[in-house]
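Novice: Below are the structure tokens for one structure; questions will follow.
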Amino acid sequence: MSGVSQKTISDDEDGMRLDRWFNVHFPQLGFGRLQKLIRTGQVRVDKGRVKTSSRVQAGQVVRVPPMDAAPEANAEPRVNKREDARFLRDIILYEDDELFVFNKPHGLAVQGGSGTKRHIDGMLKSLPNAKGEAPRLVHRLDRDTSGCLLVAKTRAVASHFGAVFRSRSARKIYWALTVGVPSPQQGNISCFLGKQLTRDGEQMAVVDKGYRGAQHSMSHYSVTDNAGQEFAWVTLKPVTGRTHQLRVHMMNLGTPILDDPRYYEMENWNWVKPEGLGNGLHLHARRLAIPLRNGKRLDISAPLPPHMQKSFKMLGFDAKRYDVQNIDPEDA
């Protein structure tokens with residue numbers, strides 16, 4: 001296309017993230033270039049400025065600028081769809097006619113970004129549905145967080161379950177290893193989170209309610225087991241779904257998640273990591289319980305990633321003894 005066009009959001013695209021909408025309609029457009037178009041106001045929805053994370057509504061009109069320029073220098077290289085499909089099928093925890101639940105590995109990004117060449121969203125193109133459409137992400141996990149990731153096979157299903165997540169009908173349980181034992185050992189965390197500029201770039205922090213862009217966040221936590229006062233196995237149940245919410249909440253309690261690359265620097269805590277522990281963020285999306293469209297309820301758990309298995313073994317934590325399956329998902 002060589003000029004500006006106007007495209008109307010269809011009914012089955014209602015609730016879709018704007019970046020995902022562009023990925024569906026303009027797969028050749030790199031994420032970095034899309035960000036620039038949005039940042040400079042060339043992309044608008046109903047004539048208003050938006051963000052990549054904005055959600056579109058049926059009937060809204062998207063202003064699409066010209067896109068006939070040369071592709072970005074850092075555009076993603078050609079991929080081997082057969083290898084991607086094989087990889088994704090190896091990590092399936094659950095599949096039906098509408099959904100996949102994948103056990104996302106630690107260290108693999110869910111979506112693309114600056115410098116990210118390989119990610120789940122790109123690999124999903126290797127598993128098209130009967131209409132040739134790629135499956136769609138329903139929610140997201142941080143690159144370094146492992147565990148249950150829900151993916152829809154059609155646009156309509158993604159829209160439905162996106163609404164389910166926003167309504168908080170989906171129950172999510174995470175396992176984490178923290179440095180130190182939270183006190184009290186069970187409680188709720190309720191605070192406002194916002195982006196702050198640091199020497200390493202932007203990251204989330206606890207802020208006042210009136211802070212620009214502040215969003216309320218809430219999590220439940222409970223210490224499942226502990227190794228003296230040095231480490232704790234903590235079960236976390238987020239009520240809201242803010243960026244890096246659980247990581248910031250644990251840090252704010254004074255018990256950061258082990259090996260958190262953003263919110264825990266060992267030298268700042270005057271602490272030396274014992275030998276024998278696994279390496280990598282110790283945060284795992286252990287369990288997902290969600291109502292299906294047929295009236296049944298999906299309740300699925302993901303096994304611990306290798307680095308957390310290693311740490312659990314070293315610290316004497318028995319995942320089978322305190323398996324999350326024994327927790328009522330309605331309490332999550």
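Letters A, B, ... go to the chains of the structure tokens in the order shown; residues in each chain start at 1; ligands are counted from 1 in the same order.
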If you take only C-alpha atoms and a cut-off of 10 Å, which residues of range 153-220 of chain A touch range 4-14 of chain A, and what are their nearest atom pairs and distances in Å to one decimal, in chain and number order, as JSON lines?
Specialist:
{"residue": "A:Thr154", "atom": "CA", "partner": "A:Asp12", "partner_atom": "CA", "distance": 9.4}
{"residue": "A:Arg155", "atom": "CA", "partner": "A:Asp12", "partner_atom": "CA", "distance": 6.2}
{"residue": "A:Ala156", "atom": "CA", "partner": "A:Asp12", "partner_atom": "CA", "distance": 5.0}
{"residue": "A:Val157", "atom": "CA", "partner": "A:Asp12", "partner_atom": "CA", "distance": 8.6}
{"residue": "A:Ala158", "atom": "CA", "partner": "A:Glu13", "partner_atom": "CA", "distance": 8.8}
{"residue": "A:Ser159", "atom": "CA", "partner": "A:Asp14", "partner_atom": "CA", "distance": 6.4}
{"residue": "A:His160", "atom": "CA", "partner": "A:Asp12", "partner_atom": "CA", "distance": 9.0}
{"residue": "A:Gly162", "atom": "CA", "partner": "A:Asp14", "partner_atom": "CA", "distance": 9.7}
{"residue": "A:Ala163", "atom": "CA", "partner": "A:Asp14", "partner_atom": "CA", "distance": 9.5}
Novice: Run DSSP on the backbone and grab whatever in range 227-294 of chain A lands in alpha helix (DSSP H); send it over as an MDAnalysis selection string.
Specialist: chainID A and resid 245:252
Novice: Quick one: write out the picked residues with C-alpha atoms as a PDB file, in the first residue's frame?
Specialist:
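Saved the output as result_18.pdb:
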ATOM      1  CA  GLN A 245       3.727  -7.286  39.350  1.00  0.00           C
ATOM      2  CA  LEU A 246       4.826 -10.337  41.331  1.00  0.00           C
ATOM      3  CA  ARG A 247       8.501  -9.449  41.008  1.00  0.00           C
ATOM      4  CA  VAL A 248       7.973  -5.918  42.328  1.00  0.00           C
ATOM      5  CA  HIS A 249       5.649  -7.116  45.100  1.00  0.00           C
ATOM      6  CA  MET A 250       8.191  -9.601  46.420  1.00  0.00           C
ATOM      7  CA  MET A 251      10.986  -7.056  46.244  1.00  0.00           C
ATOM      8  CA  ASN A 252       8.834  -4.556  48.118  1.00  0.00           C
TER       9      ASN A 252
END
Novice: How many Å separate CA of Gly316 in chain A from CA of Leu277 in chain A?
Specialist: 11.5 Å
Novice: Between A:Gly32, A:Ala130, A:Phe100, A:Val64, which residue has the minimum interatomic distance to Thr116 in chain A, considering only C-alpha atoms?
Specialist: A:Gly32
Novice: May I ask for the distance between CA of Pro238 in chain A and CA of Ile173 in chain A, given in Å to one decimal place?
Specialist: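 So the answer is 7.4 Å.
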Novice: Any idea what's packed within 9 Å of His220 in chain A, counting only C-alpha atoms, ignoring anything in its chain fewer than 6 positions away? Could you give it as a list in words?
Specialist: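 Result of the neighbour search: Gln186, Gly187, Asn188, Ile189, Ser190, Thr235, Leu236, Lys237, Pro238, Val239 and Ala332 of chain A.
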Novice: Find the residues near Asp121 in chain A: any atom within 12 Å, counting only C-alpha atoms, skip ones fewer than 3 places away on the same chain, and give them as a compact mmCIF listing (two decimals) with C-alpha atoms, in the first residue's frame.
Specialist:
# COMPACT_ATOMS: atom_id res chain seq x y z
CA ASP A 19 0.13 -4.49 18.17
CA ARG A 20 -1.51 -7.90 17.71
CA ASN A 23 0.58 -8.35 13.28
CA VAL A 24 -2.51 -10.04 11.85
CA PRO A 27 2.73 -9.30 9.26
CA PHE A 31 7.55 -4.42 15.93
CA ASP A 84 9.00 -24.25 15.17
CA LEU A 88 5.75 -25.95 20.13
CA LYS A 104 6.71 -21.79 28.15
CA LEU A 108 12.05 -17.56 25.72
CA ALA A 109 10.19 -14.32 24.94
CA VAL A 110 6.45 -14.42 24.34
CA GLN A 111 6.47 -11.48 21.93
CA GLY A 112 9.04 -9.69 19.82
CA GLY A 113 10.78 -6.48 20.74
CA THR A 116 14.32 -10.22 20.02
CA LYS A 117 14.47 -12.55 17.03
CA ARG A 118 12.83 -15.71 18.40
CA LEU A 124 2.77 -19.68 16.35
CA LYS A 125 2.63 -19.04 12.60
CA SER A 126 3.84 -22.63 12.21
CA LEU A 127 0.55 -23.97 13.68
CA ALA A 134 -1.99 -18.29 13.21
CA PRO A 135 -3.01 -18.97 16.83
CA ARG A 136 -3.25 -15.90 19.06
CA LEU A 137 -1.86 -15.09 22.47
CA VAL A 138 -4.46 -14.66 25.20
CA HIS A 139 -2.08 -13.43 27.89
CA ARG A 140 1.67 -13.03 28.37
CA LEU A 141 4.53 -14.09 30.60
CA LEU A 149 0.68 -19.91 28.63
CA LEU A 150 -2.81 -19.87 27.07
CA VAL A 151 -3.09 -19.51 23.29
CA ALA A 152 -6.31 -19.41 21.21
Novice: With only C-alpha atoms as the counted atoms, please give the residues lying no more than 12 Å from Asp318 in chain A, apart from itself and same-chain residues fewer than 2 positions off, as an MDAnalysis selection string.
Specialist: chainID A and resid 224:227 233 304 308:316 320:324
Novice: Please, could you write that set of residues out with N, CA and C atoms as an mmCIF file, in the first residue's frame?
Specialist:
data_model
loop_
_atom_site.group_PDB
_atom_site.id
_atom_site.type_symbol
_atom_site.label_atom_id
_atom_site.label_comp_id
_atom_site.auth_asym_id
_atom_site.auth_seq_id
_atom_site.Cartn_x
_atom_site.Cartn_y
_atom_site.Cartn_z
ATOM 1 N N THR A 224 4.973 -21.549 51.353
ATOM 2 C CA THR A 224 4.680 -22.977 51.323
ATOM 3 C C THR A 224 5.706 -23.766 52.125
ATOM 4 N N ASP A 225 6.963 -23.365 52.064
ATOM 5 C CA ASP A 225 8.037 -24.015 52.822
ATOM 6 C C ASP A 225 9.201 -23.032 52.884
ATOM 7 N N ASN A 226 10.120 -23.280 53.789
ATOM 8 C CA ASN A 226 11.289 -22.405 53.878
ATOM 9 C C ASN A 226 12.528 -23.202 54.278
ATOM 10 N N ALA A 227 13.674 -22.668 53.883
ATOM 11 C CA ALA A 227 14.963 -23.247 54.257
ATOM 12 C C ALA A 227 15.603 -22.276 55.240
ATOM 13 N N TRP A 233 9.941 -20.891 49.643
ATOM 14 C CA TRP A 233 9.126 -21.295 48.496
ATOM 15 C C TRP A 233 7.775 -20.632 48.712
ATOM 16 N N LEU A 304 7.952 -27.886 36.981
ATOM 17 C CA LEU A 304 9.005 -26.898 37.215
ATOM 18 C C LEU A 304 10.080 -26.962 36.123
ATOM 19 N N MET A 308 14.787 -24.528 38.407
ATOM 20 C CA MET A 308 14.053 -24.510 39.666
ATOM 21 C C MET A 308 14.008 -25.897 40.302
ATOM 22 N N GLN A 309 13.963 -26.937 39.479
ATOM 23 C CA GLN A 309 14.051 -28.296 40.016
ATOM 24 C C GLN A 309 15.368 -28.484 40.776
ATOM 25 N N LYS A 310 16.442 -27.963 40.202
ATOM 26 C CA LYS A 310 17.758 -28.072 40.839
ATOM 27 C C LYS A 310 17.767 -27.361 42.185
ATOM 28 N N SER A 311 17.203 -26.160 42.234
ATOM 29 C CA SER A 311 17.185 -25.399 43.483
ATOM 30 C C SER A 311 16.277 -26.046 44.517
ATOM 31 N N PHE A 312 15.124 -26.559 44.080
ATOM 32 C CA PHE A 312 14.218 -27.237 45.006
ATOM 33 C C PHE A 312 14.926 -28.432 45.646
ATOM 34 N N LYS A 313 15.642 -29.195 44.830
ATOM 35 C CA LYS A 313 16.333 -30.375 45.342
ATOM 36 C C LYS A 313 17.401 -29.988 46.346
ATOM 37 N N MET A 314 18.176 -28.950 46.035
ATOM 38 C CA MET A 314 19.253 -28.528 46.924
ATOM 39 C C MET A 314 18.712 -28.037 48.261
ATOM 40 N N LEU A 315 17.564 -27.329 48.215
ATOM 41 C CA LEU A 315 16.997 -26.750 49.434
ATOM 42 C C LEU A 315 16.077 -27.705 50.187
ATOM 43 N N GLY A 316 15.839 -28.887 49.624
ATOM 44 C CA GLY A 316 15.011 -29.871 50.306
ATOM 45 C C GLY A 316 13.521 -29.617 50.187
ATOM 46 N N LYS A 320 6.090 -32.482 45.267
ATOM 47 C CA LYS A 320 4.992 -33.446 45.278
ATOM 48 C C LYS A 320 4.224 -33.401 46.601
ATOM 49 N N ARG A 321 4.928 -33.149 47.687
ATOM 50 C CA ARG A 321 4.286 -33.126 49.003
ATOM 51 C C ARG A 321 3.327 -31.950 49.128
ATOM 52 N N TYR A 322 3.724 -30.827 48.564
ATOM 53 C CA TYR A 322 2.889 -29.635 48.653
ATOM 54 C C TYR A 322 2.396 -29.227 47.268
ATOM 55 N N ASP A 323 1.949 -30.216 46.497
ATOM 56 C CA ASP A 323 1.558 -29.920 45.130
ATOM 57 C C ASP A 323 0.391 -28.947 45.101
ATOM 58 N N VAL A 324 0.461 -28.005 44.165
ATOM 59 C CA VAL A 324 -0.570 -26.982 44.047
ATOM 60 C C VAL A 324 -1.919 -27.563 43.681
#
Novice: Need the shell around Leu292 in chain A: protein/DNA/RNA residues with any atom at most 10 Å away, counting only C-alpha atoms. Skip same-chain ones fewer than 2 positions apart. Format as a PDB file with N, CA and C atoms, in the first residue's frame?
Specialist:
ATOM      1  N   GLU A  98     -10.185 -25.404  20.493  1.00  0.00           N
ATOM      2  CA  GLU A  98     -10.120 -23.949  20.594  1.00  0.00           C
ATOM      3  C   GLU A  98      -8.821 -23.413  21.171  1.00  0.00           C
ATOM      4  N   LEU A  99      -8.138 -24.220  21.971  1.00  0.00           N
ATOM      5  CA  LEU A  99      -7.030 -23.704  22.781  1.00  0.00           C
ATOM      6  C   LEU A  99      -5.799 -24.589  22.759  1.00  0.00           C
ATOM      7  N   HIS A 160     -12.732 -13.905  23.267  1.00  0.00           N
ATOM      8  CA  HIS A 160     -13.522 -14.403  24.405  1.00  0.00           C
ATOM      9  C   HIS A 160     -12.661 -14.585  25.642  1.00  0.00           C
ATOM     10  N   PHE A 161     -11.538 -15.274  25.501  1.00  0.00           N
ATOM     11  CA  PHE A 161     -10.722 -15.565  26.678  1.00  0.00           C
ATOM     12  C   PHE A 161      -9.928 -14.347  27.139  1.00  0.00           C
ATOM     13  N   VAL A 164     -12.249 -12.983  29.479  1.00  0.00           N
ATOM     14  CA  VAL A 164     -12.255 -13.783  30.704  1.00  0.00           C
ATOM     15  C   VAL A 164     -11.103 -13.373  31.620  1.00  0.00           C
ATOM     16  N   ALA A 289      -6.356 -22.186  35.965  1.00  0.00           N
ATOM     17  CA  ALA A 289      -7.714 -22.727  36.023  1.00  0.00           C
ATOM     18  C   ALA A 289      -8.643 -21.706  35.394  1.00  0.00           C
ATOM     19  N   ILE A 290      -9.405 -22.131  34.384  1.00  0.00           N
ATOM     20  CA  ILE A 290     -10.199 -21.174  33.615  1.00  0.00           C
ATOM     21  C   ILE A 290     -11.456 -21.847  33.085  1.00  0.00           C
ATOM     22  N   ASN A 294     -17.493 -24.433  26.716  1.00  0.00           N
ATOM     23  CA  ASN A 294     -18.469 -25.526  26.761  1.00  0.00           C
ATOM     24  C   ASN A 294     -19.049 -25.739  28.157  1.00  0.00           C
ATOM     25  N   GLY A 295     -18.695 -24.871  29.112  1.00  0.00           N
ATOM     26  CA  GLY A 295     -19.222 -24.977  30.465  1.00  0.00           C
ATOM     27  C   GLY A 295     -18.331 -25.737  31.416  1.00  0.00           C
ATOM     28  N   LYS A 296     -17.346 -26.458  30.880  1.00  0.00           N
ATOM     29  CA  LYS A 296     -16.412 -27.184  31.733  1.00  0.00           C
ATOM     30  C   LYS A 296     -15.320 -26.239  32.222  1.00  0.00           C
ATOM     31  N   ARG A 297     -14.466 -26.742  33.095  1.00  0.00           N
ATOM     32  CA  ARG A 297     -13.380 -25.918  33.628  1.00  0.00           C
ATOM     33  C   ARG A 297     -12.039 -26.591  33.363  1.00  0.00           C
ATOM     34  N   LEU A 298     -11.149 -25.853  32.759  1.00  0.00           N
ATOM     35  CA  LEU A 298      -9.793 -26.342  32.531  1.00  0.00           C
ATOM     36  C   LEU A 298      -8.946 -26.031  33.755  1.00  0.00           C
TER      37      LEU A 298
END
Novice: Rank A:Ser146, A:Ala319, A:Gly180, A:Leu193 by their smallest atom-to-atom distance to Ile91 in chain A, using only C-alpha atoms, and report the top residue only.
Specialist: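 Smallest separation from Ile91 in chain A among the options: A:Ser146.
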Novice: May I have all residues of range 82-307 of chain A that DSSP, computed from the backbone, assigns to strand (DSSP E or B), given as a VMD selection string?
Specialist: chain A and resid 92 to 95 99 to 104 109 119 136 to 137 146 to 152 171 to 179 186 to 198 201 to 207 215 to 227 231 to 238 257 283 to 291 297 to 301
Novice: So that I can see what lies close to Met204 in chain A, please list as a PyMOL selection string the residues with an atom at most 10 Å from it, counting only C-alpha atoms and leaving out residues fewer than 4 positions away in the same chain.
Specialist: chain A and resi 193-198+214+242-245+247-248+262-263
Novice: Given only C-alpha atoms as the basis, pick out the residue of A:Arg55, A:Lys153, A:Arg17, A:Arg143 nearest to Asp96 in chain A.
Specialist: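 The closest residue to Asp96 in chain A is A:Lys153.
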Novice: What is the distance, in Å and to one decimal place, between CA of Leu258 in chain A and CA of Gln215 in chain A?
Specialist: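 So the answer is 25.2 Å.
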